[in-house]
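One file, work-v5.tsv, carrying TSV, C-alpha atoms and all ligand atoms:
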chain	number	residue	atom	x	y	z
A	1354	MET	CA	-68.20	-20.07	17.89
A	1355	SER	CA	-68.89	-16.37	18.19
A	1356	LEU	CA	-66.46	-13.91	16.69
A	1357	GLN	CA	-65.40	-12.95	20.16
A	1358	GLU	CA	-64.56	-16.57	20.97
A	1359	GLN	CA	-62.72	-17.02	17.68
A	1360	LEU	CA	-60.56	-14.02	18.52
A	1361	GLU	CA	-59.82	-15.30	22.00
A	1362	THR	CA	-58.70	-18.67	20.64
A	1363	LEU	CA	-56.61	-17.00	17.98
A	1364	GLU	CA	-54.91	-14.81	20.57
A	1365	LYS	CA	-54.14	-17.71	22.83
A	1366	GLU	CA	-52.76	-19.92	20.03
A	1367	THR	CA	-50.70	-17.14	18.52
A	1368	LEU	CA	-49.17	-16.13	21.83
A	1369	GLN	CA	-48.14	-19.77	22.25
A	1370	GLN	CA	-46.59	-19.79	18.77
A	1371	ILE	CA	-44.73	-16.58	19.48
A	1372	ASP	CA	-43.41	-18.06	22.65
A	1373	ASN	CA	-42.22	-21.16	20.77
A	1374	ALA	CA	-40.55	-19.31	17.90
A	1375	THR	CA	-36.80	-19.95	17.92
A	1376	ASP	CA	-35.62	-17.71	15.10
A	1377	LEU	CA	-36.49	-14.50	13.32
A	1378	ASP	CA	-37.73	-16.24	10.18
A	1379	ALA	CA	-40.29	-18.26	12.11
A	1380	LEU	CA	-41.41	-15.16	13.97
A	1381	ASN	CA	-41.86	-13.23	10.75
A	1382	GLN	CA	-43.92	-16.09	9.39
A	1383	ILE	CA	-46.26	-15.85	12.39
A	1384	ARG	CA	-46.61	-12.10	11.92
A	1385	VAL	CA	-47.53	-12.42	8.26
A	1386	GLN	CA	-49.96	-15.27	8.92
A	1387	THR	CA	-51.90	-13.65	11.78
A	1388	LEU	CA	-51.66	-9.91	11.19
A	1389	GLY	CA	-51.32	-9.87	7.39
A	1390	LYS	CA	-54.03	-8.76	4.95
A	1391	LYS	CA	-55.19	-12.32	4.44
A	1392	GLY	CA	-54.86	-13.21	8.13
A	1393	PRO	CA	-57.68	-14.15	10.57
A	1394	ILE	CA	-57.94	-10.76	12.28
A	1395	THR	CA	-58.57	-8.96	9.02
A	1396	GLU	CA	-61.05	-11.74	8.28
A	1397	VAL	CA	-62.93	-11.08	11.57
A	1398	LEU	CA	-63.04	-7.36	10.96
A	1399	ARG	CA	-64.48	-8.03	7.54
A	1400	GLY	CA	-67.20	-10.24	9.04
A	1401	MET	CA	-68.40	-7.35	11.25
A	1402	LYS	CA	-70.89	-6.23	8.66
A	1403	ASP	CA	-72.98	-9.32	9.48
A	1404	LEU	CA	-73.17	-8.41	13.17
A	1405	ALA	CA	-75.98	-6.58	14.89
A	1406	PRO	CA	-75.09	-2.85	14.98
A	1407	GLU	CA	-74.83	-2.76	18.79
A	1408	GLU	CA	-72.35	-5.70	18.73
A	1409	ARG	CA	-69.99	-4.07	16.26
A	1410	PRO	CA	-68.09	-1.60	18.49
A	1411	LYS	CA	-67.53	-4.25	21.13
A	1412	VAL	CA	-66.15	-6.85	18.76
A	1413	GLY	CA	-64.30	-4.20	16.78
A	1414	SER	CA	-62.47	-2.86	19.79
A	1415	PHE	CA	-61.69	-6.37	21.01
A	1416	ALA	CA	-60.21	-7.27	17.61
A	1417	ASN	CA	-58.06	-4.17	17.73
A	1418	GLN	CA	-56.94	-5.05	21.22
A	1419	VAL	CA	-55.96	-8.57	20.11
A	1420	ARG	CA	-54.05	-7.13	17.17
A	1421	ASP	CA	-52.19	-4.68	19.40
A	1422	THR	CA	-51.31	-7.37	21.93
A	1423	LEU	CA	-50.00	-9.71	19.24
A	1424	THR	CA	-48.07	-6.93	17.50
A	1425	GLN	CA	-46.43	-5.95	20.75
A	1426	GLN	CA	-45.58	-9.54	21.68
A	1427	ILE	CA	-44.04	-10.12	18.27
A	1428	GLU	CA	-41.91	-6.96	18.62
A	1429	GLU	CA	-40.73	-7.99	22.05
A	1430	LYS	CA	-39.85	-11.48	20.92
A	1431	LYS	CA	-38.12	-10.03	17.89
A	1432	ALA	CA	-35.85	-7.93	20.11
A	1433	VAL	CA	-35.00	-11.01	22.17
A	1434	LEU	CA	-34.20	-13.13	19.10
A	1435	GLU	CA	-32.10	-10.33	17.55
A	1436	THR	CA	-30.00	-9.99	20.67
A	1437	GLU	CA	-29.52	-13.74	20.73
A	1438	ALA	CA	-28.46	-13.79	17.08
A	1439	LEU	CA	-25.99	-10.95	17.67
A	1440	ASN	CA	-24.48	-12.68	20.70
A	1441	GLN	CA	-24.09	-15.86	18.73
A	1442	ALA	CA	-22.36	-14.03	15.84
A	1443	LEU	CA	-20.02	-12.26	18.26
A	1444	ALA	CA	-19.10	-15.51	19.92
A	1445	ALA	CA	-18.40	-17.16	16.56
A	1446	GLU	CA	-16.37	-14.22	15.21
A	1447	SER	CA	-14.16	-13.68	18.19
A	1448	ILE	CA	-10.69	-12.49	17.07
A	1449	ASP	CA	-7.56	-14.26	18.19
A	1450	VAL	CA	-5.16	-11.37	18.63
A	1451	THR	CA	-2.27	-13.76	19.19
A	1452	LEU	CA	-2.39	-15.08	15.59
A	1453	PRO	CA	0.59	-13.91	13.49
A	1454	GLY	CA	-0.31	-11.13	10.99
A	1455	LYS	CA	-0.32	-11.45	7.21
A	1456	GLN	CA	3.05	-10.67	5.65
A	1457	ILE	CA	2.83	-7.96	2.99
A	1458	PRO	CA	5.81	-8.53	0.70
A	1459	GLN	CA	7.90	-5.39	0.37
A	1460	GLY	CA	9.73	-4.71	-2.86
A	1461	THR	CA	13.17	-3.26	-3.37
A	1462	ARG	CA	14.89	-1.23	-6.05
A	1463	HIS	CA	16.33	-3.21	-8.94
A	1464	ILE	CA	20.12	-3.21	-8.75
A	1465	LEU	CA	20.26	-2.00	-12.36
A	1466	ASN	CA	18.25	1.07	-11.41
A	1467	LYS	CA	20.48	1.59	-8.39
A	1468	ILE	CA	23.58	1.61	-10.61
A	1469	ILE	CA	21.96	3.93	-13.15
A	1470	GLU	CA	20.86	6.37	-10.44
A	1471	GLU	CA	24.28	6.29	-8.82
A	1472	ILE	CA	25.92	7.19	-12.15
A	1473	GLU	CA	23.31	9.90	-12.77
A	1474	ASP	CA	24.09	11.42	-9.38
A	1475	ILE	CA	27.81	11.51	-10.12
A	1476	PHE	CA	27.31	13.27	-13.45
A	1477	VAL	CA	24.65	15.67	-12.20
A	1478	GLY	CA	27.25	16.63	-9.58
A	1479	MET	CA	29.60	17.57	-12.44
A	1480	GLY	CA	26.99	19.77	-14.14
A	1481	TYR	CA	25.67	17.30	-16.72
A	1482	GLN	CA	22.03	17.21	-17.76
A	1483	ILE	CA	20.18	13.94	-18.07
A	1484	ILE	CA	18.53	13.55	-21.45
A	1485	GLU	CA	15.94	10.92	-22.17
A	1486	GLY	CA	16.05	9.49	-25.67
A	1487	SER	CA	13.41	7.39	-27.33
A	1488	GLU	CA	13.61	3.61	-27.70
A	1489	VAL	CA	12.10	3.75	-31.16
A	1490	GLU	CA	14.56	5.58	-33.37
A	1491	GLN	CA	15.09	6.48	-36.99
A	1492	ASP	CA	17.74	4.60	-38.94
A	1493	TYR	CA	19.02	8.07	-39.80
A	1494	TYR	CA	19.85	9.03	-36.19
A	1495	ASN	CA	20.78	5.56	-34.99
A	1496	PHE	CA	23.30	5.00	-37.79
A	1497	GLU	CA	23.81	7.70	-40.41
A	1498	ARG	CA	24.21	10.62	-38.04
A	1499	MET	CA	26.67	8.50	-36.07
A	1500	ASN	CA	28.80	8.17	-39.17
A	1501	ILE	CA	27.53	4.69	-40.01
A	1502	PRO	CA	26.10	5.03	-43.53
A	1503	LYS	CA	23.95	2.36	-45.14
A	1504	ASN	CA	26.08	-0.70	-45.99
A	1505	HIS	CA	28.76	0.24	-43.45
A	1506	PRO	CA	30.16	-3.01	-41.97
A	1507	ALA	CA	29.83	-1.61	-38.42
A	1508	ARG	CA	26.08	-2.13	-38.79
A	1509	ASP	CA	26.58	-5.90	-38.64
A	1510	MET	CA	27.52	-5.77	-34.96
A	1511	GLN	CA	24.36	-3.85	-34.21
A	1512	ASP	CA	21.71	-5.73	-36.10
A	1513	THR	CA	18.36	-5.06	-34.49
A	1514	PHE	CA	14.60	-5.15	-34.77
A	1515	TYR	CA	13.24	-3.06	-37.62
A	1516	ILE	CA	9.78	-1.58	-37.58
A	1517	SER	CA	10.18	-0.40	-41.16
A	1518	ASP	CA	13.20	0.26	-43.40
A	1519	GLU	CA	13.70	3.63	-41.72
A	1520	LEU	CA	12.44	2.89	-38.21
A	1521	LEU	CA	13.95	0.56	-35.63
A	1522	ILE	CA	14.35	0.04	-31.92
A	1523	ARG	CA	17.69	1.66	-31.20
A	1524	THR	CA	20.85	-0.43	-30.99
A	1525	HIS	CA	22.67	2.06	-28.79
A	1526	THR	CA	22.05	5.33	-26.95
A	1527	SER	CA	24.43	7.19	-29.29
A	1528	PRO	CA	21.62	8.72	-31.43
A	1529	VAL	CA	20.81	10.87	-28.39
A	1530	GLN	CA	24.18	12.57	-29.06
A	1531	ALA	CA	23.04	13.71	-32.49
A	1532	ARG	CA	19.61	14.81	-31.28
A	1533	THR	CA	21.08	16.80	-28.41
A	1534	MET	CA	23.86	18.41	-30.45
A	1535	GLU	CA	21.51	19.68	-33.12
A	1536	THR	CA	19.30	21.48	-30.60
A	1537	HIS	CA	21.90	22.69	-28.11
A	1538	ASP	CA	22.34	26.45	-27.88
A	1539	PHE	CA	26.10	26.99	-27.34
A	1540	SER	CA	25.59	30.65	-26.52
A	1541	LYS	CA	24.14	29.39	-23.22
A	1542	GLY	CA	27.22	27.29	-22.36
A	1543	PRO	CA	28.90	23.97	-23.12
A	1544	LEU	CA	26.96	20.79	-23.83
A	1545	ARG	CA	27.31	18.22	-21.07
A	1546	MET	CA	24.85	15.38	-21.00
A	1547	ILE	CA	24.33	11.75	-20.17
A	1548	SER	CA	21.49	9.63	-21.46
A	1549	PRO	CA	20.62	6.30	-19.86
A	1550	GLY	CA	18.19	3.88	-21.43
A	1551	LYS	CA	17.34	0.56	-23.00
A	1552	VAL	CA	18.91	-0.64	-26.24
A	1553	PHE	CA	18.13	-3.66	-28.40
A	1554	ARG	CA	20.14	-5.99	-30.60
A	1555	ARG	CA	19.60	-9.20	-32.42
A	1556	ASP	CA	21.95	-11.03	-30.07
A	1557	THR	CA	21.82	-14.67	-29.12
A	1558	ASP	CA	21.01	-14.54	-25.42
A	1559	ASP	CA	23.62	-16.11	-23.20
A	1560	ALA	CA	25.20	-15.37	-19.81
A	1561	THR	CA	26.77	-12.14	-21.07
A	1562	HIS	CA	24.38	-11.18	-23.89
A	1563	SER	CA	20.76	-10.16	-23.87
A	1564	HIS	CA	18.69	-8.86	-26.79
A	1565	GLN	CA	17.77	-6.00	-24.48
A	1566	PHE	CA	20.24	-4.26	-22.22
A	1567	HIS	CA	21.16	-0.79	-21.01
A	1568	GLN	CA	23.60	1.90	-21.95
A	1569	ILE	CA	24.49	5.28	-20.57
A	1570	GLU	CA	25.66	7.65	-23.25
A	1571	GLY	CA	27.87	10.58	-22.31
A	1572	LEU	CA	28.73	13.64	-24.35
A	1573	VAL	CA	30.63	16.87	-23.74
A	1574	VAL	CA	31.08	19.45	-26.49
A	1575	ASP	CA	32.74	22.82	-26.05
A	1576	LYS	CA	35.75	24.81	-27.23
A	1577	HIS	CA	39.10	23.24	-26.24
A	1578	ILE	CA	37.82	19.86	-25.04
A	1579	THR	CA	40.68	17.34	-25.09
A	1580	MET	CA	41.32	13.69	-24.34
A	1581	GLY	CA	42.72	14.85	-21.00
A	1582	ASP	CA	39.20	15.98	-20.09
A	1583	LEU	CA	37.88	12.57	-21.12
A	1584	LYS	CA	40.41	10.68	-19.02
A	1585	GLY	CA	39.92	12.95	-16.01
A	1586	THR	CA	36.15	12.55	-16.21
A	1587	LEU	CA	36.36	8.78	-16.43
A	1588	GLU	CA	38.75	8.72	-13.48
A	1589	VAL	CA	36.31	10.69	-11.33
A	1590	LEU	CA	33.54	8.29	-12.33
A	1591	MET	CA	35.56	5.15	-11.61
A	1592	LYS	CA	36.93	6.39	-8.28
A	1593	LYS	CA	33.43	7.31	-7.12
A	1594	MET	CA	32.01	3.98	-8.24
A	1595	PHE	CA	34.81	1.54	-7.42
A	1596	GLY	CA	36.96	3.30	-4.82
A	1597	GLU	CA	39.55	6.08	-4.54
A	1598	ASN	CA	42.49	3.88	-5.55
A	1599	ARG	CA	41.13	3.00	-8.97
A	1600	GLU	CA	43.12	3.90	-12.07
A	1601	VAL	CA	41.91	4.26	-15.64
A	1602	ARG	CA	43.78	3.07	-18.70
A	1603	LEU	CA	42.89	3.89	-22.29
A	1604	ARG	CA	43.51	1.46	-25.16
A	1605	PRO	CA	43.18	2.32	-28.85
A	1606	SER	CA	39.94	1.10	-30.41
A	1607	TYR	CA	37.60	1.92	-33.24
A	1608	PHE	CA	34.13	3.44	-33.40
A	1609	PRO	CA	32.84	5.16	-36.52
A	1610	PHE	CA	31.64	8.19	-34.56
A	1611	THR	CA	34.82	8.93	-32.58
A	1612	GLU	CA	38.34	9.77	-33.70
A	1613	PRO	CA	40.52	8.77	-31.98
A	1614	SER	CA	38.55	5.99	-30.31
A	1615	VAL	CA	39.50	4.27	-27.09
A	1616	GLU	CA	38.42	1.47	-24.85
A	1617	ALA	CA	38.65	2.36	-21.16
A	1618	ASP	CA	39.69	-0.12	-18.47
A	1619	VAL	CA	39.57	0.35	-14.72
A	1620	SER	CA	42.06	-1.32	-12.38
A	1621	CYS	CA	40.38	-4.27	-10.71
A	1622	PHE	CA	38.38	-3.25	-7.65
A	1623	LYS	CA	38.65	-6.71	-6.14
A	1624	CYS	CA	42.38	-7.48	-6.33
A	1625	GLY	CA	43.62	-3.93	-6.88
A	1626	GLY	CA	45.44	-4.99	-10.05
A	1627	LYS	CA	47.28	-8.13	-8.95
A	1628	GLY	CA	44.99	-10.45	-10.92
A	1629	CYS	CA	41.94	-12.44	-9.80
A	1630	ASN	CA	38.83	-14.15	-11.13
A	1631	VAL	CA	36.92	-10.86	-11.53
A	1632	CYS	CA	39.55	-9.31	-13.85
A	1633	LYS	CA	40.42	-12.66	-15.44
A	1634	ASN	CA	43.94	-12.31	-14.04
A	1635	THR	CA	44.71	-9.19	-16.08
A	1636	GLY	CA	44.37	-6.66	-13.26
A	1637	TRP	CA	42.09	-4.57	-15.50
A	1638	ILE	CA	38.37	-4.56	-16.21
A	1639	GLU	CA	37.06	-3.28	-19.53
A	1640	ILE	CA	34.38	-0.77	-18.68
A	1641	LEU	CA	33.36	1.37	-21.65
A	1642	GLY	CA	33.96	2.62	-25.17
A	1643	SER	CA	34.71	6.26	-25.84
A	1644	GLY	CA	36.70	8.77	-27.83
A	1645	MET	CA	36.80	12.26	-29.25
A	1646	VAL	CA	33.66	13.08	-31.23
A	1647	HIS	CA	34.38	12.62	-34.93
A	1648	PRO	CA	34.47	15.98	-36.74
A	1649	ASP	CA	31.95	14.68	-39.29
A	1650	VAL	CA	29.50	13.86	-36.47
A	1651	LEU	CA	29.85	17.43	-35.17
A	1652	GLU	CA	29.40	18.89	-38.65
A	1653	MET	CA	26.31	16.77	-39.38
A	1654	SER	CA	24.78	18.30	-36.24
A	1655	GLY	CA	25.58	21.81	-37.47
A	1656	ILE	CA	28.57	22.34	-35.17
A	1657	ASP	CA	31.77	23.91	-36.54
A	1658	SER	CA	34.44	21.26	-35.91
A	1659	ARG	CA	37.27	23.79	-36.30
A	1660	GLU	CA	35.97	25.67	-33.29
A	1661	TYR	CA	34.41	22.94	-31.17
A	1662	THR	CA	35.61	19.55	-30.01
A	1663	GLY	CA	34.07	16.99	-27.73
A	1664	PHE	CA	34.36	13.62	-26.11
A	1665	ALA	CA	31.78	10.87	-25.86
A	1666	PHE	CA	31.45	7.58	-24.09
A	1667	GLY	CA	29.03	4.70	-23.85
A	1668	LEU	CA	28.98	2.49	-20.80
A	1669	GLY	CA	26.96	-0.56	-19.89
A	1670	PRO	CA	25.24	-0.44	-16.48
A	1671	ASP	CA	24.31	-4.14	-16.79
A	1672	ARG	CA	28.01	-5.03	-16.84
A	1673	ILE	CA	28.80	-2.68	-13.98
A	1674	ALA	CA	25.95	-4.15	-11.91
A	1675	MET	CA	27.21	-7.67	-12.69
A	1676	LEU	CA	30.72	-6.76	-11.55
A	1677	ARG	CA	29.60	-4.85	-8.47
A	1678	TYR	CA	27.11	-7.45	-7.22
A	1679	GLY	CA	28.80	-10.60	-8.50
A	1680	VAL	CA	25.98	-11.52	-10.88
A	1681	ASN	CA	27.16	-14.09	-13.42
A	1682	ASP	CA	24.22	-14.11	-15.82
A	1683	ILE	CA	22.87	-10.91	-17.40
A	1684	ARG	CA	19.51	-12.61	-18.03
A	1685	SER	CA	18.84	-12.64	-14.27
A	1686	PHE	CA	18.15	-8.90	-14.53
A	1687	TYR	CA	15.23	-9.45	-16.86
A	1688	LEU	CA	13.51	-12.56	-15.52
A	1689	ASN	CA	11.12	-10.71	-13.17
A	1690	ASP	CA	11.96	-13.24	-10.49
A	1691	THR	CA	11.68	-11.42	-7.17
A	1692	ARG	CA	13.90	-14.03	-5.50
A	1693	PHE	CA	16.78	-12.67	-7.56
A	1694	ILE	CA	16.24	-9.04	-6.65
A	1695	ASP	CA	15.41	-9.78	-2.99
A	1696	GLN	CA	18.99	-10.97	-2.50
A	1697	PHE	CA	20.16	-7.38	-2.78
A	1698	LYS	CA	17.70	-5.84	-0.35
A	1699	GLY	CA	19.34	-3.19	1.76
A	1700	GLU	CA	22.51	-3.03	-0.39
B	1	LIG	N1	27.55	3.16	-29.14
B	1	LIG	C1	28.62	2.24	-28.85
B	1	LIG	C2	28.10	0.81	-28.86
B	1	LIG	O1	26.96	0.63	-28.59
B	1	LIG	C3	29.25	2.53	-27.52
B	1	LIG	C4	30.04	3.80	-27.58
B	1	LIG	C5	31.38	3.77	-27.90
B	1	LIG	C6	29.45	5.00	-27.32
B	1	LIG	C7	32.12	4.92	-27.98
B	1	LIG	C8	30.16	6.18	-27.38
B	1	LIG	C9	31.53	6.12	-27.71
B	1	LIG	O2	29.66	7.36	-27.14
B	1	LIG	O3	32.24	7.25	-27.77
B	1	LIG	O4	28.85	-0.08	-29.11
Show me the file's structure as structure tokens.
Amino acid sequence: MSLQEQLETLEKETLQQIDNATDLDALNQIRVQTLGKKGPITEVLRGMKDLAPEERPKVGSFANQVRDTLTQQIEEKKAVLETEALNQALAAESIDVTLPGKQIPQGTRHILNKIIEEIEDIFVGMGYQIIEGSEVEQDYYNFERMNIPKNHPARDMQDTFYISDELLIRTHTSPVQARTMETHDFSKGPLRMISPGKVFRRDTDDATHSHQFHQIEGLVVDKHITMGDLKGTLEVLMKKMFGENREVRLRPSYFPFTEPSVEADVSCFKCGGKGCNVCKNTGWIEILGSGMVHPDVLEMSGIDSREYTGFAFGLGPDRIAMLRYGVNDIRSFYLNDTRFIDQFKGE
């Protein structure tokens, strides 16, 4: 078979193959096999050196023509197969716009944070600053500066987690009192602050106790501050939180850092004082501890207790949230179970 005939056969066979190809892979295979460096056309062109010189241009140009025809046919078939593949993919991927969408769960504020922010708003409205204390505290500020020296029995109630002999995670927010008093510049005005935050105790966890809970510390120091100011302030707080008809009652108590010390009760917001399950039939709900800042606590912070007086209080937002939202187990706040918190969405 002459070279010319070989090329004609090759062209015919390859065109048939191209026609038969059903996918892009097969087509590519054909291209590599016929037009590639090791393919038959290259082979023919290589064999030209054995031809008579006058034959060469004829065969050469025919070989080129065959190559061009095949290249073009492959390109055309490729376009057809690509369109087919695309149409198939589109048909398979068609979107059903009537399917329901994916639900993206939306969170909500924790009720504890809601209570804390509500209390912050009330006090900011009365000119208080919000001070952030640190959860890791020195024994010195947590106890000694609050008039609870080493070996004082009041430490027993506030046993906690010690990092070293002198460093602990705070048992109450009261150390923020000492830290704020010692830096406050009274020439710029009275000291009025609240400090919300986490506190820690070695408590046995049960429905009303958790080794971690929250407190909001309050402190006002100025000239002529009296217990009347304390009671009036607590009344404003309770009326704003639990309704205009609430009353506040003070009962004598003891804290090492206040003198006199009181426990404050609010008249029951559910029964109005008649007695019910929320107030355990007493008509009153115990809400916080407070008192007049002990002169020694003022003096330890460098404040002259003959000139300045103050009141302080410490309230528990966990307890307030439990009362407000009818939560009967404090541990629910800390379980990270979204089903719990979702119940209060939109409150
Ligand atoms: N620190 C006290 C406690 O954790 C609560 C407290 C009582 C804070 C009386 C006060 C206060 O500021 O005046 O038990």
**Q.** At most 10 Å from ligand LIG 1 (chain B) (all atoms listed in the file): residue list as a ChimeraX atom specification
**A.** /A:1495-1496,1499,1507,1510-1511,1523-1530,1547,1552-1554,1567-1572,1606-1617,1641-1647,1663-1669
### Query
Distance CA of Arg1555 (chain A)-CA of Phe1693 (chain A), one decimal place?
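Going from CA of Arg1555 (chain A) over to CA of Phe1693 (chain A) covers 25.3 Å.
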Report task. Could you tell me which of A:Gln1418, A:Leu1388, A:Ser1654, A:Val1450 comes closest to Arg1498 (chain A) if we count only C-alpha atoms? Result ->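 Under the stated criterion, the closest residue is A:Ser1654.
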May I have the residues within 12 Å of Gly1392 (chain A) as a PyMOL selection string, using only C-alpha atoms and disregarding those fewer than 5 positions away in the same chain?
-> chain A and resi 1360+1363+1367+1382-1387+1397-1399+1420
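Going from CA of Val1419 (chain A) over to CA of Asn1381 (chain A), you cover 17.6 Å.
In this model, the gap between CA of Lys1627 (chain A) and CA of Glu1600 (chain A) comes to 13.1 Å.
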- prompt: With distances taken over all atoms listed in the file, which of A:Ile1484, A:Val1573, A:Met1580, A:Ala1560 is nearest to Arg1684 (chain A)?
  reply: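 Closest residue, counting all atoms listed in the file: A:Ala1560.
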Shortest contact to Lys1430 (chain A), candidates A:Ala1442, A:Ala1379, A:Ile1516, A:Val1619, atoms counted only C-alpha atoms, goes to A:Ala1379
Exercise. If we count all atoms listed in the file, what is near Tyr1515 (chain A) at a cut-off of 10 Å, once residues fewer than 6 positions away on the same chain are taken out, given as number ranges by chain?
Worked result: A: 1489-1492, 1521-1523
Discussion item. At a cut-off of 8 Å, using all atoms listed in the file, what residues contact region 1471-1477 of chain A? Leave out same-chain residues fewer than 4 positions from it and give the result as number ranges by chain.
Written reply: A: 1467, 1481-1483, 1547, 1590, 1593-1594
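With only C-alpha atoms as the atoms that count, the minimum distance from Asp1690 (chain A) to the choices A:His1463, A:Arg1409, A:Leu1439, A:Ile1578 is reached by A:His1463.
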- Query: When distances are computed from all atoms listed in the file, which of A:Gly1460, A:Gly1628, A:Gly1550, A:Gly1389 shows the smallest separation from Asp1671 (chain A)?
  - Reply: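 Ranked by minimum distance to Asp1671 (chain A), first place goes to A:Gly1550.
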Pro1670 (chain A) proximity check over A:Phe1566, A:Phe1595, A:Tyr1493, A:Tyr1687, using all atoms listed in the file: winner is A:Phe1566
Would you pick out the contacts of Cys1624 (chain A) at 12 Å or less, using all atoms listed in the file, so that residues sharing its chain but fewer than 2 positions from it are not included, and give the list as a short mmCIF file (atom, residue, chain, number, x, y, z; two decimals) with C-alpha atoms, in the frame of the given file?
data_model
loop_
_atom_site.label_atom_id
_atom_site.label_comp_id
_atom_site.auth_asym_id
_atom_site.auth_seq_id
_atom_site.Cartn_x
_atom_site.Cartn_y
_atom_site.Cartn_z
CA PHE A 1595 34.81 1.54 -7.42
CA ASN A 1598 42.49 3.88 -5.55
CA ARG A 1599 41.13 3.00 -8.97
CA VAL A 1619 39.57 0.35 -14.72
CA SER A 1620 42.06 -1.32 -12.38
CA CYS A 1621 40.38 -4.27 -10.71
CA PHE A 1622 38.38 -3.25 -7.65
CA GLY A 1626 45.44 -4.99 -10.05
CA LYS A 1627 47.28 -8.13 -8.95
CA GLY A 1628 44.99 -10.45 -10.92
CA CYS A 1629 41.94 -12.44 -9.80
CA ASN A 1630 38.83 -14.15 -11.13
CA VAL A 1631 36.92 -10.86 -11.53
CA CYS A 1632 39.55 -9.31 -13.85
CA LYS A 1633 40.42 -12.66 -15.44
CA ASN A 1634 43.94 -12.31 -14.04
CA THR A 1635 44.71 -9.19 -16.08
CA GLY A 1636 44.37 -6.66 -13.26
CA TRP A 1637 42.09 -4.57 -15.50
CA ILE A 1638 38.37 -4.56 -16.21
#
Checklist line | Long-range neighbours of Glu1364 (chain A) as a VMD selection string, 12 Å cut-off, all atoms listed in the file, 4 positions minimum in chain | finding: chain A and resid 1357 to 1360 1368 to 1371 1383 1387 to 1388 1393 to 1394 1415 to 1424 1426
